[in-house]
Structure formats: structure tokens, C-alpha cells
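One file, data-v5.json, is given below (JSON, C-alpha atoms and all ligand atoms).
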```
[["chain", "number", "residue", "atom", "x", "y", "z"],
["A", 440, "MET", "CA", 0.00, 0.00, 0.00],
["A", 441, "ILE", "CA", 1.24, 3.48, -0.91],
["A", 442, "LEU", "CA", 0.43, 6.81, 0.77],
["A", 443, "PRO", "CA", 0.94, 10.20, -0.90],
["A", 444, "VAL", "CA", 2.46, 12.49, 1.73],
["A", 445, "ALA", "CA", 4.00, 15.96, 1.20],
["A", 446, "GLY", "CA", 4.69, 15.42, -2.49],
["A", 447, "LYS", "CA", 6.23, 11.95, -2.16],
["A", 448, "THR", "CA", 4.93, 8.39, -2.14],
["A", 449, "ILE", "CA", 5.49, 6.36, 1.01],
["A", 450, "GLY", "CA", 5.32, 2.56, 0.74],
["A", 451, "LEU", "CA", 3.89, 0.81, 3.81],
["A", 452, "ASP", "CA", 6.32, -2.09, 4.32],
["A", 453, "LYS", "CA", 6.87, -1.86, 0.59],
["A", 454, "GLY", "CA", 10.05, -0.79, -1.22],
["A", 455, "LYS", "CA", 8.46, 0.32, -4.53],
["A", 456, "CYS", "CA", 7.92, 4.05, -3.83],
["A", 457, "ASP", "CA", 9.86, 7.28, -3.19],
["A", 458, "VAL", "CA", 10.52, 6.62, 0.52],
["A", 459, "PRO", "CA", 9.55, 3.33, 2.16],
["A", 460, "PHE", "CA", 8.30, 2.93, 5.71],
["A", 461, "LEU", "CA", 9.52, -0.27, 7.37],
["A", 462, "SER", "CA", 7.41, -1.08, 10.43],
["A", 463, "HIS", "CA", 9.77, -3.75, 11.83],
["A", 464, "ALA", "CA", 12.48, -6.22, 10.86],
["A", 465, "HIS", "CA", 10.52, -9.47, 10.33],
["A", 466, "GLY", "CA", 11.30, -10.94, 6.92],
["A", 467, "ASP", "CA", 7.71, -10.78, 5.64],
["A", 468, "HIS", "CA", 7.87, -6.95, 5.85],
["A", 469, "THR", "CA", 11.34, -6.18, 4.49],
["A", 470, "GLY", "CA", 10.72, -6.99, 0.79],
["A", 471, "GLY", "CA", 12.30, -4.46, -1.59],
["A", 472, "MET", "CA", 14.19, -2.60, 1.18],
["A", 473, "LYS", "CA", 17.72, -3.89, 0.45],
["A", 474, "ARG", "CA", 18.63, -1.32, -2.20],
["A", 475, "LYS", "CA", 16.99, 1.65, -0.52],
["A", 476, "GLU", "CA", 19.32, 4.35, 0.80],
["A", 477, "GLU", "CA", 16.76, 6.03, 3.05],
["A", 478, "ILE", "CA", 14.00, 4.32, 5.00],
["A", 479, "ILE", "CA", 11.48, 5.66, 7.49],
["A", 480, "ALA", "CA", 12.25, 3.22, 10.30],
["A", 481, "THR", "CA", 13.96, 3.15, 13.69],
["A", 482, "GLU", "CA", 17.71, 2.53, 13.98],
["A", 483, "ALA", "CA", 16.94, -0.74, 15.77],
["A", 484, "THR", "CA", 14.79, -1.96, 12.86],
["A", 485, "ILE", "CA", 17.49, -1.14, 10.33],
["A", 486, "GLU", "CA", 20.12, -2.93, 12.43],
["A", 487, "LEU", "CA", 17.93, -5.99, 13.06],
["A", 488, "ALA", "CA", 17.11, -6.24, 9.34],
["A", 489, "ARG", "CA", 20.82, -5.86, 8.45],
["A", 490, "LEU", "CA", 20.12, -2.98, 6.05],
["A", 491, "ASN", "CA", 22.63, -0.31, 5.04],
["A", 492, "ALA", "CA", 20.00, 2.40, 4.72],
["A", 493, "THR", "CA", 19.86, 5.60, 6.75],
["A", 494, "SER", "CA", 16.96, 6.01, 9.14],
["A", 495, "VAL", "CA", 14.98, 9.11, 8.10],
["A", 496, "THR", "CA", 11.79, 10.93, 9.02],
["A", 497, "HIS", "CA", 9.41, 12.51, 6.51],
["A", 498, "PRO", "CA", 7.37, 15.73, 6.85],
["A", 499, "GLY", "CA", 3.74, 15.05, 7.74],
["A", 500, "THR", "CA", 4.50, 11.65, 9.28],
["A", 501, "GLN", "CA", 5.18, 10.35, 12.75],
["A", 502, "MET", "CA", 6.52, 6.98, 13.91],
["A", 503, "LEU", "CA", 4.71, 5.59, 16.98],
["A", 504, "ASN", "CA", 5.70, 2.59, 19.05],
["A", 505, "ALA", "CA", 3.97, -0.62, 17.88],
["A", 506, "GLY", "CA", 4.86, -2.90, 20.82],
["A", 507, "HIS", "CA", 5.51, -5.91, 18.57],
["A", 508, "ILE", "CA", 9.31, -6.44, 18.70],
["A", 509, "LEU", "CA", 12.30, -4.19, 19.38],
["A", 510, "GLY", "CA", 12.20, -1.12, 17.12],
["A", 511, "SER", "CA", 8.73, -1.82, 15.73],
["A", 512, "THR", "CA", 6.63, 1.24, 14.91],
["A", 513, "GLN", "CA", 3.33, 2.31, 13.40],
["A", 514, "LEU", "CA", 3.18, 5.16, 10.91],
["A", 515, "TRP", "CA", 0.81, 8.07, 11.35],
["A", 516, "ALA", "CA", 0.58, 10.34, 8.28],
["A", 517, "GLU", "CA", -1.22, 13.41, 7.04],
["A", 518, "THR", "CA", -2.16, 12.61, 3.44],
["A", 519, "ASP", "CA", -4.09, 14.73, 0.95],
["A", 520, "GLY", "CA", -7.18, 12.67, 1.78],
["A", 521, "GLY", "CA", -6.93, 12.95, 5.60],
["A", 522, "THR", "CA", -4.93, 11.34, 8.38],
["A", 523, "VAL", "CA", -3.90, 7.67, 8.29],
["A", 524, "LEU", "CA", -2.56, 5.28, 10.93],
["A", 525, "TYR", "CA", -0.83, 2.10, 9.72],
["A", 526, "THR", "CA", -0.06, -0.37, 12.52],
["A", 527, "GLY", "CA", 2.30, -2.87, 10.85],
["A", 528, "ASP", "CA", 2.33, -5.75, 13.37],
["A", 529, "PHE", "CA", 1.35, -4.52, 16.81],
["A", 530, "ARG", "CA", 0.69, -5.57, 20.41],
["A", 531, "THR", "CA", -1.23, -3.32, 22.76],
["A", 532, "GLU", "CA", 0.02, -4.83, 26.02],
["A", 533, "ASP", "CA", 3.35, -3.99, 27.70],
["A", 534, "GLY", "CA", 5.72, -6.95, 27.35],
["A", 535, "ILE", "CA", 8.93, -7.85, 29.13],
["A", 536, "CYS", "CA", 11.06, -6.36, 26.29],
["A", 537, "THR", "CA", 8.63, -3.87, 24.69],
["A", 538, "LYS", "CA", 6.07, -1.23, 25.69],
["A", 539, "GLY", "CA", 2.53, -1.54, 24.31],
["A", 540, "ALA", "CA", 1.47, 0.26, 21.11],
["A", 541, "THR", "CA", 0.87, 4.02, 21.29],
["A", 542, "PRO", "CA", -2.50, 4.98, 19.74],
["A", 543, "LYS", "CA", -3.13, 8.17, 17.75],
["A", 544, "GLN", "CA", -6.45, 9.21, 16.27],
["A", 545, "ALA", "CA", -6.71, 8.99, 12.46],
["A", 546, "ASP", "CA", -9.42, 9.21, 9.76],
["A", 547, "ARG", "CA", -8.31, 5.94, 8.20],
["A", 548, "LEU", "CA", -6.87, 2.99, 10.11],
["A", 549, "ILE", "CA", -4.88, 0.34, 8.22],
["A", 550, "ILE", "CA", -4.51, -2.44, 10.76],
["A", 551, "GLU", "CA", -2.98, -5.91, 10.86],
["A", 552, "CYS", "CA", -5.20, -8.86, 11.76],
["A", 553, "THR", "CA", -2.92, -11.90, 12.14],
["A", 554, "TYR", "CA", -5.19, -13.14, 14.96],
["A", 555, "GLY", "CA", -8.42, -11.81, 13.46],
["A", 556, "ASP", "CA", -10.41, -14.91, 14.44],
["A", 557, "PRO", "CA", -12.66, -14.65, 17.54],
["A", 558, "SER", "CA", -11.27, -17.97, 18.81],
["A", 559, "PHE", "CA", -7.99, -16.20, 19.65],
["A", 560, "SER", "CA", -8.09, -14.75, 23.15],
["A", 561, "PHE", "CA", -4.73, -14.46, 24.89],
["A", 562, "PRO", "CA", -4.38, -14.26, 28.68],
["A", 563, "PRO", "CA", -2.51, -11.26, 30.13],
["A", 564, "LEU", "CA", 1.23, -11.54, 29.38],
["A", 565, "GLU", "CA", 2.12, -11.51, 33.06],
["A", 566, "GLU", "CA", -0.03, -14.63, 33.54],
["A", 567, "THR", "CA", 1.61, -16.45, 30.62],
["A", 568, "TYR", "CA", 5.11, -15.52, 31.81],
["A", 569, "SER", "CA", 4.21, -16.97, 35.24],
["A", 570, "GLU", "CA", 2.78, -20.16, 33.67],
["A", 571, "ILE", "CA", 5.99, -20.65, 31.72],
["A", 572, "SER", "CA", 8.02, -20.10, 34.87],
["A", 573, "ARG", "CA", 5.92, -22.65, 36.78],
["A", 574, "TRP", "CA", 6.46, -25.27, 34.07],
["A", 575, "VAL", "CA", 10.22, -24.63, 34.01],
["A", 576, "LYS", "CA", 10.46, -24.95, 37.80],
["A", 577, "GLN", "CA", 8.33, -28.12, 37.85],
["A", 578, "ASN", "CA", 10.69, -29.74, 35.35],
["A", 579, "GLN", "CA", 14.00, -28.53, 36.67],
["A", 580, "ASN", "CA", 15.62, -31.97, 36.38],
["A", 581, "SER", "CA", 14.72, -32.30, 32.71],
["A", 582, "ILE", "CA", 15.88, -30.78, 29.44],
["A", 583, "LEU", "CA", 13.37, -28.20, 28.24],
["A", 584, "LEU", "CA", 13.19, -26.99, 24.68],
["A", 585, "PHE", "CA", 11.27, -23.86, 23.61],
["A", 586, "GLY", "CA", 10.26, -23.29, 19.99],
["A", 587, "ALA", "CA", 10.61, -19.59, 19.13],
["A", 588, "TYR", "CA", 11.41, -17.56, 16.03],
["A", 589, "ASN", "CA", 14.91, -16.08, 16.05],
["A", 590, "LEU", "CA", 13.71, -12.47, 16.10],
["A", 591, "GLY", "CA", 11.30, -11.24, 18.74],
["A", 592, "LYS", "CA", 10.02, -14.35, 20.46],
["A", 593, "THR", "CA", 13.51, -15.72, 21.23],
["A", 594, "GLN", "CA", 14.50, -12.51, 23.03],
["A", 595, "GLU", "CA", 11.19, -12.41, 24.93],
["A", 596, "ILE", "CA", 11.56, -16.00, 26.17],
["A", 597, "ILE", "CA", 15.25, -15.47, 27.10],
["A", 598, "LYS", "CA", 14.16, -12.50, 29.24],
["A", 599, "VAL", "CA", 11.33, -14.50, 30.85],
["A", 600, "LEU", "CA", 13.75, -17.35, 31.64],
["A", 601, "ASN", "CA", 16.29, -14.89, 33.09],
["A", 602, "ASP", "CA", 13.90, -12.78, 35.16],
["A", 603, "TYR", "CA", 11.20, -15.27, 36.21],
["A", 604, "CYS", "CA", 13.22, -18.50, 36.50],
["A", 605, "GLY", "CA", 16.84, -17.42, 37.05],
["A", 606, "VAL", "CA", 17.76, -19.63, 34.07],
["A", 607, "THR", "CA", 20.42, -18.92, 31.42],
["A", 608, "PRO", "CA", 19.18, -20.69, 28.28],
["A", 609, "VAL", "CA", 21.20, -22.25, 25.47],
["A", 610, "VAL", "CA", 20.51, -20.43, 22.19],
["A", 611, "THR", "CA", 21.45, -20.96, 18.54],
["A", 612, "PRO", "CA", 24.15, -18.94, 16.72],
["A", 613, "GLU", "CA", 21.45, -17.84, 14.24],
["A", 614, "SER", "CA", 19.67, -15.86, 16.95],
["A", 615, "GLU", "CA", 22.84, -14.07, 18.10],
["A", 616, "HIS", "CA", 22.69, -11.12, 15.69],
["A", 617, "PHE", "CA", 19.21, -10.29, 17.03],
["A", 618, "ASN", "CA", 20.17, -10.95, 20.67],
["A", 619, "SER", "CA", 23.12, -8.56, 20.40],
["A", 620, "VAL", "CA", 21.02, -5.77, 18.80],
["A", 621, "TYR", "CA", 18.50, -6.11, 21.66],
["A", 622, "GLU", "CA", 21.38, -5.78, 24.14],
["A", 623, "LYS", "CA", 22.75, -2.75, 22.30],
["A", 624, "HIS", "CA", 19.33, -1.13, 22.77],
["A", 625, "GLY", "CA", 19.23, -1.83, 26.50],
["A", 626, "VAL", "CA", 17.57, -5.26, 26.84],
["A", 627, "LYS", "CA", 20.02, -7.39, 28.81],
["A", 628, "LEU", "CA", 19.85, -11.06, 27.82],
["A", 629, "ASP", "CA", 21.78, -13.76, 29.67],
["A", 630, "ARG", "CA", 22.31, -16.73, 27.39],
["A", 631, "VAL", "CA", 24.98, -19.17, 26.15],
["A", 632, "VAL", "CA", 25.44, -20.11, 22.52],
["A", 633, "VAL", "CA", 25.39, -23.77, 21.53],
["A", 634, "GLY", "CA", 28.84, -24.98, 20.48],
["A", 635, "THR", "CA", 30.75, -22.76, 22.93],
["A", 636, "ASP", "CA", 32.59, -23.94, 26.07],
["A", 637, "GLU", "CA", 30.06, -22.12, 28.27],
["A", 638, "ALA", "CA", 27.17, -23.95, 26.62],
["A", 639, "GLU", "CA", 28.94, -27.30, 27.01],
["A", 640, "GLU", "CA", 29.33, -26.58, 30.70],
["A", 641, "VAL", "CA", 25.62, -25.68, 31.05],
["A", 642, "MET", "CA", 24.59, -28.79, 29.09],
["A", 643, "ARG", "CA", 26.33, -31.13, 31.56],
["A", 644, "GLY", "CA", 23.28, -30.86, 33.81],
["A", 645, "SER", "CA", 19.60, -30.26, 33.05],
["A", 646, "PHE", "CA", 19.24, -27.23, 30.79],
["A", 647, "VAL", "CA", 16.76, -25.07, 28.90],
["A", 648, "ALA", "CA", 17.30, -24.51, 25.17],
["A", 649, "ILE", "CA", 15.61, -22.35, 22.52],
["A", 650, "ASN", "CA", 15.37, -23.32, 18.87],
["A", 651, "THR", "CA", 13.06, -22.52, 15.96],
["A", 652, "PRO", "CA", 9.51, -23.95, 16.02],
["A", 653, "ARG", "CA", 10.47, -26.20, 13.08],
["A", 654, "ILE", "CA", 13.15, -27.93, 15.21],
["A", 655, "ALA", "CA", 11.57, -27.73, 18.68],
["A", 656, "ARG", "CA", 9.25, -30.70, 18.32],
["A", 657, "ARG", "CA", 8.70, -33.95, 20.17],
["A", 658, "SER", "CA", 10.98, -35.91, 17.82],
["A", 659, "PHE", "CA", 13.92, -33.59, 18.53],
["A", 660, "ALA", "CA", 13.18, -33.65, 22.27],
["A", 661, "SER", "CA", 13.34, -37.45, 22.28],
["A", 662, "ARG", "CA", 16.72, -37.32, 20.49],
["A", 663, "LEU", "CA", 17.97, -34.90, 23.15],
["A", 664, "SER", "CA", 16.63, -37.22, 25.84],
["A", 665, "GLN", "CA", 18.59, -40.16, 24.42],
["A", 666, "ALA", "CA", 21.78, -38.15, 23.90],
["A", 667, "PHE", "CA", 21.80, -36.65, 27.41],
["A", 668, "ASN", "CA", 20.14, -39.52, 29.20],
["A", 669, "ARG", "CA", 17.45, -37.50, 30.98],
["A", 670, "PRO", "CA", 13.81, -36.60, 30.21],
["A", 671, "ALA", "CA", 13.32, -33.85, 27.61],
["A", 672, "TYR", "CA", 10.14, -31.89, 26.83],
["A", 673, "CYS", "CA", 9.33, -29.25, 24.25],
["A", 674, "ALA", "CA", 7.08, -26.20, 24.52],
["A", 675, "GLY", "CA", 5.50, -24.04, 21.85],
["A", 676, "ILE", "CA", 5.11, -20.32, 22.57],
["A", 677, "SER", "CA", 2.76, -18.81, 20.04],
["A", 678, "GLY", "CA", -0.79, -17.56, 19.63],
["A", 679, "TRP", "CA", -1.33, -20.42, 17.17],
["A", 680, "VAL", "CA", -1.25, -22.99, 20.01],
["A", 681, "GLN", "CA", -4.88, -21.94, 20.65],
["A", 682, "LYS", "CA", -5.88, -23.32, 17.25],
["A", 683, "TYR", "CA", -3.42, -25.93, 15.99],
["A", 684, "ARG", "CA", -1.85, -29.11, 17.35],
["A", 685, "MET", "CA", 1.86, -28.62, 16.98],
["A", 686, "ASN", "CA", 3.67, -31.85, 17.92],
["A", 687, "ILE", "CA", 4.79, -30.36, 21.23],
["A", 688, "ASP", "CA", 4.40, -31.37, 24.89],
["A", 689, "ILE", "CA", 2.88, -28.10, 26.03],
["A", 690, "GLY", "CA", 1.76, -24.84, 24.40],
["A", 691, "PHE", "CA", 1.79, -21.33, 25.87],
["A", 692, "PRO", "CA", -0.30, -18.68, 24.10],
["A", 693, "LEU", "CA", 2.47, -16.08, 24.15],
["A", 694, "SER", "CA", 2.10, -13.81, 21.15],
["A", 695, "ASP", "CA", 3.71, -10.55, 20.05],
["A", 696, "HIS", "CA", 0.49, -9.61, 18.25],
["A", 697, "SER", "CA", -2.86, -8.38, 19.55],
["A", 698, "ASP", "CA", -5.70, -10.90, 19.77],
["A", 699, "PHE", "CA", -9.19, -10.49, 18.29],
["A", 700, "GLY", "CA", -10.57, -8.51, 21.26],
["A", 701, "ASP", "CA", -7.54, -6.22, 21.45],
["A", 702, "ILE", "CA", -7.78, -5.42, 17.74],
["A", 703, "LEU", "CA", -11.42, -4.35, 18.18],
["A", 704, "LYS", "CA", -10.51, -2.27, 21.24],
["A", 705, "TYR", "CA", -7.74, -0.58, 19.27],
["A", 706, "VAL", "CA", -10.18, 0.33, 16.48],
["A", 707, "ASP", "CA", -12.43, 1.97, 19.10],
["A", 708, "LEU", "CA", -9.47, 3.85, 20.55],
["A", 709, "ILE", "CA", -8.37, 5.25, 17.17],
["A", 710, "ASN", "CA", -12.00, 6.05, 16.31],
["A", 711, "PRO", "CA", -11.45, 6.21, 12.52],
["A", 712, "LYS", "CA", -13.98, 6.88, 9.75],
["A", 713, "GLU", "CA", -12.69, 3.86, 7.84],
["A", 714, "VAL", "CA", -10.80, 0.66, 8.71],
["A", 715, "VAL", "CA", -8.80, -1.53, 6.34],
["A", 716, "PHE", "CA", -7.52, -4.93, 7.49],
["A", 717, "VAL", "CA", -4.18, -6.20, 6.18],
["A", 718, "HIS", "CA", -1.70, -8.99, 7.08],
["A", 719, "GLY", "CA", -4.19, -11.73, 7.85],
["A", 720, "ASP", "CA", -7.80, -12.76, 7.45],
["A", 721, "GLY", "CA", -9.84, -9.75, 8.55],
["A", 722, "SER", "CA", -13.22, -11.10, 7.47],
["A", 723, "HIS", "CA", -14.49, -11.83, 11.02],
["A", 724, "LEU", "CA", -13.39, -8.41, 12.25],
["A", 725, "MET", "CA", -14.87, -6.69, 9.22],
["A", 726, "ARG", "CA", -18.25, -8.36, 9.77],
["A", 727, "ALA", "CA", -18.20, -7.60, 13.51],
["A", 728, "LEU", "CA", -17.47, -3.91, 12.91],
["A", 729, "ASN", "CA", -19.87, -3.40, 10.00],
["A", 730, "LYS", "CA", -22.68, -5.09, 11.93],
["A", 731, "ARG", "CA", -22.05, -2.88, 14.93],
["A", 732, "LYS", "CA", -21.84, 0.33, 12.91],
["A", 733, "GLY", "CA", -24.57, -0.61, 10.43],
["A", 734, "THR", "CA", -22.45, 0.76, 7.56],
["A", 735, "LEU", "CA", -19.64, -0.42, 5.30],
["A", 736, "PHE", "CA", -17.09, 0.99, 7.69],
["A", 737, "ALA", "CA", -14.45, -1.76, 7.50],
["A", 738, "SER", "CA", -12.96, -3.50, 4.48],
["A", 739, "LEU", "CA", -10.25, -5.97, 3.53],
["A", 740, "GLY", "CA", -7.12, -4.52, 1.96],
["A", 741, "LYS", "CA", -4.43, -6.24, -0.02],
["A", 742, "SER", "CA", -1.53, -6.79, 2.36],
["A", 743, "PRO", "CA", 1.26, -4.32, 1.64],
["B", 801, "ZN", "ZN", 6.16, -9.25, 12.72]]
```
Please lay out the structure from this file as C-alpha cells.
Ligand SMILES: [Zn+2]
Amino acid sequence: MILPVAGKTIGLDKGKCDVPFLSHAHGDHTGGMKRKEEIIATEATIELARLNATSVTHPGTQMLNAGHILGSTQLWAETDGGTVLYTGDFRTEDGICTKGATPKQADRLIIECTYGDPSFSFPPLEETYSEISRWVKQNQNSILLFGAYNLGKTQEIIKVLNDYCGVTPVVTPESEHFNSVYEKHGVKLDRVVVGTDEAEEVMRGSFVAINTPRIARRSFASRLSQAFNRPAYCAGISGWVQKYRMNIDIGFPLSDHSDFGDILKYVDLINPKEVVFVHGDGSHLMRALNKRKGTLFASLGKSP
């Protein structure tokens, strides 16, 4: 999606334009950004995405915290046709590494809807962090494996393990670029990297490890159990555990997105004249809003 602002076109998580806005560093948003010299994004986003571009601002626009991962922002803009707020991916609640999204009133709201199905309803983060901590403490003589994406969720679970459980987890080298950028921006993360002497030392006893959701499954846990001769269990940490069976021992609904109810609350808070849903299936949300308003207030947009 493109916005015309102050004589230039701004691409919303889209490189094909005069100046792109990059909401955050997840790979499904960075398309077409590699060759850009100037991007409207935070320094942290540019570093996490390994881009060479300069972080710039643009007249008539404002970056607002999105609460999704480190550096993530929403874009508020004054276009010829009125004000617009684009959320990118966002979470309204304060997390252990990020503050919740900052709302700002706009005529048109372009909002993500990854969890736009009413069956998604996440407990408060504090509750989920405590549940995770309880499970880790209950299984302190076992090997525990968490499935988390390298950027965002890995750093959140490291912090939960550090602060709630006093545990230093074993992490993969692939997550280290992201871990070090988080640290550079003030989020201290105690961890050891698999393959190092420190990790070998930690792995002599029971330990907690983090790997990608593709690896952190029951089959890998049973291989770990055989190799280290102690019980091993794997946990999924994702909003999707509320809908799908994932070949894991336990699932925690820890998401860095807003759930169905939070998305609707955010729409009310922004109080726009028009809502467009992107990044997900917004059909349930669209129906809920249009029914409530009695007009064609919400629609489905093509994801940027
Ligand atoms: Zn994302």
C-alpha cells in the first residue's frame, strides 16, 4: 500500500515508492528494502534487518511505538485525503522487552489482523510468563526446549527465563545477531550459545534450550533425551497454540500480536472513519465492525 504524503509516495512495508516505511524487521515486511538508501524506520529496525539504509523521518509523518518487537513502529501520516494510521504488526500490552502500542487518532486505520479470528483470546502476558516459569520450575531436572522464532520471540523468552526462573538458556548462533542488537538497545539477555565452552558446561546438567519452532518438536526432544540420558520436553510459545496441534508437549499462548478482542478495542481507541484490514484474514473483524456500525465501515485490503 502506498500513501501520498507531502509530495512523495510512502510505501507501507513496501520498497516500490519514493521513501519506504519499514514497520519492523521481520522478513515478511522487508521486501524491496535492500537497495533503498533512506528508509522511514527506527535505527533498531534497520540494524535488526541488516540494512545499510539511513533512518529518516518525513514531513507530515510520525513513527509511533507498535509494541511488537524491538524497534517496531506504526506510521501516522497526514495525506491529501486525511490522516492515516498504519499499525504494521502490533501488540497493545506492555511486554517484558517492549512497551505496548501508542495509539493516535486517524481518519483511516490500516490495521494488521494476524489473529483476526474470535477464537484467539490471549491471557494477560504476566499470567503467561508466570505459567511458563511454573512449568520450568516443575521440570527442573529435565531438558526443556522452547520453539521460538529467532527475532522477537527468542528474546522475549530469554528474558522471561532470566527474570522469572533465574535460568540462562542455550541459544542458537542464528539468533545471536538479534540478541546482540537487543542488548545494544538496552535489553540485557543472559544466554549461552550452543557450540561454545560455556554452553557445554551448562549442558552437563539439566538445561533449557531455545530453537526454531520447526526444530523444537517432540521428535527432537526425544533425540535430546537419548543423547543426554534425561527426560526432555518441548514447549510451543505462540498464539497459534490456541488453534493448531503442533507436535509439542505443552503450548503457551504467548504472542507478540494483539488478539481479536484487542484489535477491536484498538479500532475503538483510534475512532477512525474507515478501517482496512491487512496482514491476515480480517473477514471476522470486518463483519463484527460493520454489523455494529450498520455501515460499510471496514474492508479488507491487499496486504502491503
Ligand atoms: Zn512481525
Residue list as a VMD selection string for point (-2.5, 5.1, 21.5), cut-off 9 Å, all atoms listed in the file: chain A and resid 503 to 504 531 539 to 544 705 708 to 709
Selection as a ChimeraX atom specification: residues within 9 Å of (15.6, -6.7, 9.4), counting only C-alpha atoms: /A:463-466,468-469,483-490
Could you make a table, as a tab-separated table, of the residues of chain A that have an atom within 9 Å of an atom of ligand ZN 801 (chain B), each with its nearest atom pair and distance in Å to one decimal, counting only C-alpha atoms and all ligand atoms, in chain and number order?
```
residue	atom	partner	partner_atom	distance
A:Ser462	CA	B:ZN801	ZN	8.6
A:His463	CA	B:ZN801	ZN	6.6
A:Ala464	CA	B:ZN801	ZN	7.3
A:His465	CA	B:ZN801	ZN	5.0
A:Gly466	CA	B:ZN801	ZN	7.9
A:Asp467	CA	B:ZN801	ZN	7.4
A:His468	CA	B:ZN801	ZN	7.4
A:His507	CA	B:ZN801	ZN	6.8
A:Ile508	CA	B:ZN801	ZN	7.3
A:Ser511	CA	B:ZN801	ZN	8.4
A:Gly527	CA	B:ZN801	ZN	7.7
A:Asp528	CA	B:ZN801	ZN	5.2
A:Phe529	CA	B:ZN801	ZN	7.9
A:Leu590	CA	B:ZN801	ZN	8.9
A:Gly591	CA	B:ZN801	ZN	8.2
A:Asp695	CA	B:ZN801	ZN	7.8
A:His696	CA	B:ZN801	ZN	7.9
```
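Picture a line from CA of Asp629 (chain A) to CA of Val610 (chain A); it runs 10.1 Å.
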Enumerate, in order of chain and increasing residue number, the residues of region 621-720 of chain A with an atom no farther than 9 Å from region 547-560 of chain A, each with its shortest atom pair and distance in Å to one decimal, counting all atoms listed in the file, as CSV.
```
residue,atom,partner,partner_atom,distance
A:Gly678,CA,A:Phe559,CA,7.3
A:Trp679,CA,A:Phe559,CA,8.3
A:Gln681,CA,A:Phe559,CA,6.6
A:Lys682,CA,A:Ser558,CA,7.8
A:Pro692,CA,A:Ser560,CA,8.8
A:His696,CA,A:Thr553,CA,7.4
A:Ser697,CA,A:Tyr554,CA,7.0
A:Asp698,CA,A:Tyr554,CA,5.3
A:Phe699,CA,A:Gly555,CA,5.1
A:Gly700,CA,A:Ser560,CA,7.0
A:Asp701,CA,A:Ser560,CA,8.7
A:Ile702,CA,A:Cys552,CA,7.4
A:Val706,CA,A:Leu548,CA,7.7
A:Ile709,CA,A:Leu548,CA,7.6
A:Asn710,CA,A:Leu548,CA,8.6
A:Pro711,CA,A:Arg547,CA,5.3
A:Lys712,CA,A:Arg547,CA,6.0
A:Glu713,CA,A:Arg547,CA,4.9
A:Val714,CA,A:Leu548,CA,4.8
A:Val715,CA,A:Ile549,CA,4.7
A:Phe716,CA,A:Ile550,CA,5.1
A:Val717,CA,A:Glu551,CA,4.8
A:His718,CA,A:Glu551,CA,5.0
A:Gly719,CA,A:Thr553,CA,4.5
A:Asp720,CA,A:Gly555,CA,6.1
```
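Of note, CA of Ser614 (chain A) and CA of Phe561 (chain A) are spaced 25.7 Å apart.
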Residue contacts of Phe646 (chain A) (9 Å, only C-alpha atoms) excluding same-chain residues fewer than 5 positions away, as number ranges by chain: A: 579-584, 606-609, 641
Atomic distance CA of Leu663 (chain A) - CA of Arg630 (chain A), expressed in Å with one decimal: 19.2 Å
Using only C-alpha atoms, which protein or nucleic acid residues come within 10 Å of region 562-570 of chain A? Drop anything in the same chain fewer than 3 positions from it, and give the result as a compact mmCIF listing (two decimals) with C-alpha atoms, in the frame of the given file.
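Saved file around_8.txt follows:
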```txt
# COMPACT_ATOMS: atom_id res chain seq x y z
CA GLU A 532 0.02 -4.83 26.02
CA ASP A 533 3.35 -3.99 27.70
CA GLY A 534 5.72 -6.95 27.35
CA ILE A 535 8.93 -7.85 29.13
CA PHE A 559 -7.99 -16.20 19.65
CA ARG A 573 5.92 -22.65 36.78
CA TRP A 574 6.46 -25.27 34.07
CA VAL A 575 10.22 -24.63 34.01
CA LYS A 576 10.46 -24.95 37.80
CA GLU A 595 11.19 -12.41 24.93
CA ILE A 596 11.56 -16.00 26.17
CA LYS A 598 14.16 -12.50 29.24
CA VAL A 599 11.33 -14.50 30.85
CA LEU A 600 13.75 -17.35 31.64
CA ASP A 602 13.90 -12.78 35.16
CA TYR A 603 11.20 -15.27 36.21
CA CYS A 604 13.22 -18.50 36.50
CA ILE A 676 5.11 -20.32 22.57
CA PHE A 691 1.79 -21.33 25.87
CA PRO A 692 -0.30 -18.68 24.10
CA LEU A 693 2.47 -16.08 24.15
CA SER A 694 2.10 -13.81 21.15
CA ASP A 695 3.71 -10.55 20.05
CA ASP A 698 -5.70 -10.90 19.77
```
Who sits within 8 Å of Met685 (chain A), only C-alpha atoms, same chain under 3 positions skipped, as a ChimeraX atom specification: /A:656,675,680
Which of A:Gln501, A:Thr651, A:Thr512, A:Ser677 sits closest to Ile689 (chain A) [using all atoms listed in the file]: A:Ser677
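In terms of minimum interatomic distance to Thr518 (chain A), A:Ala445 ranks closest within A:Ala587, A:Leu703, A:Ala445, A:Leu739, counting only C-alpha atoms.
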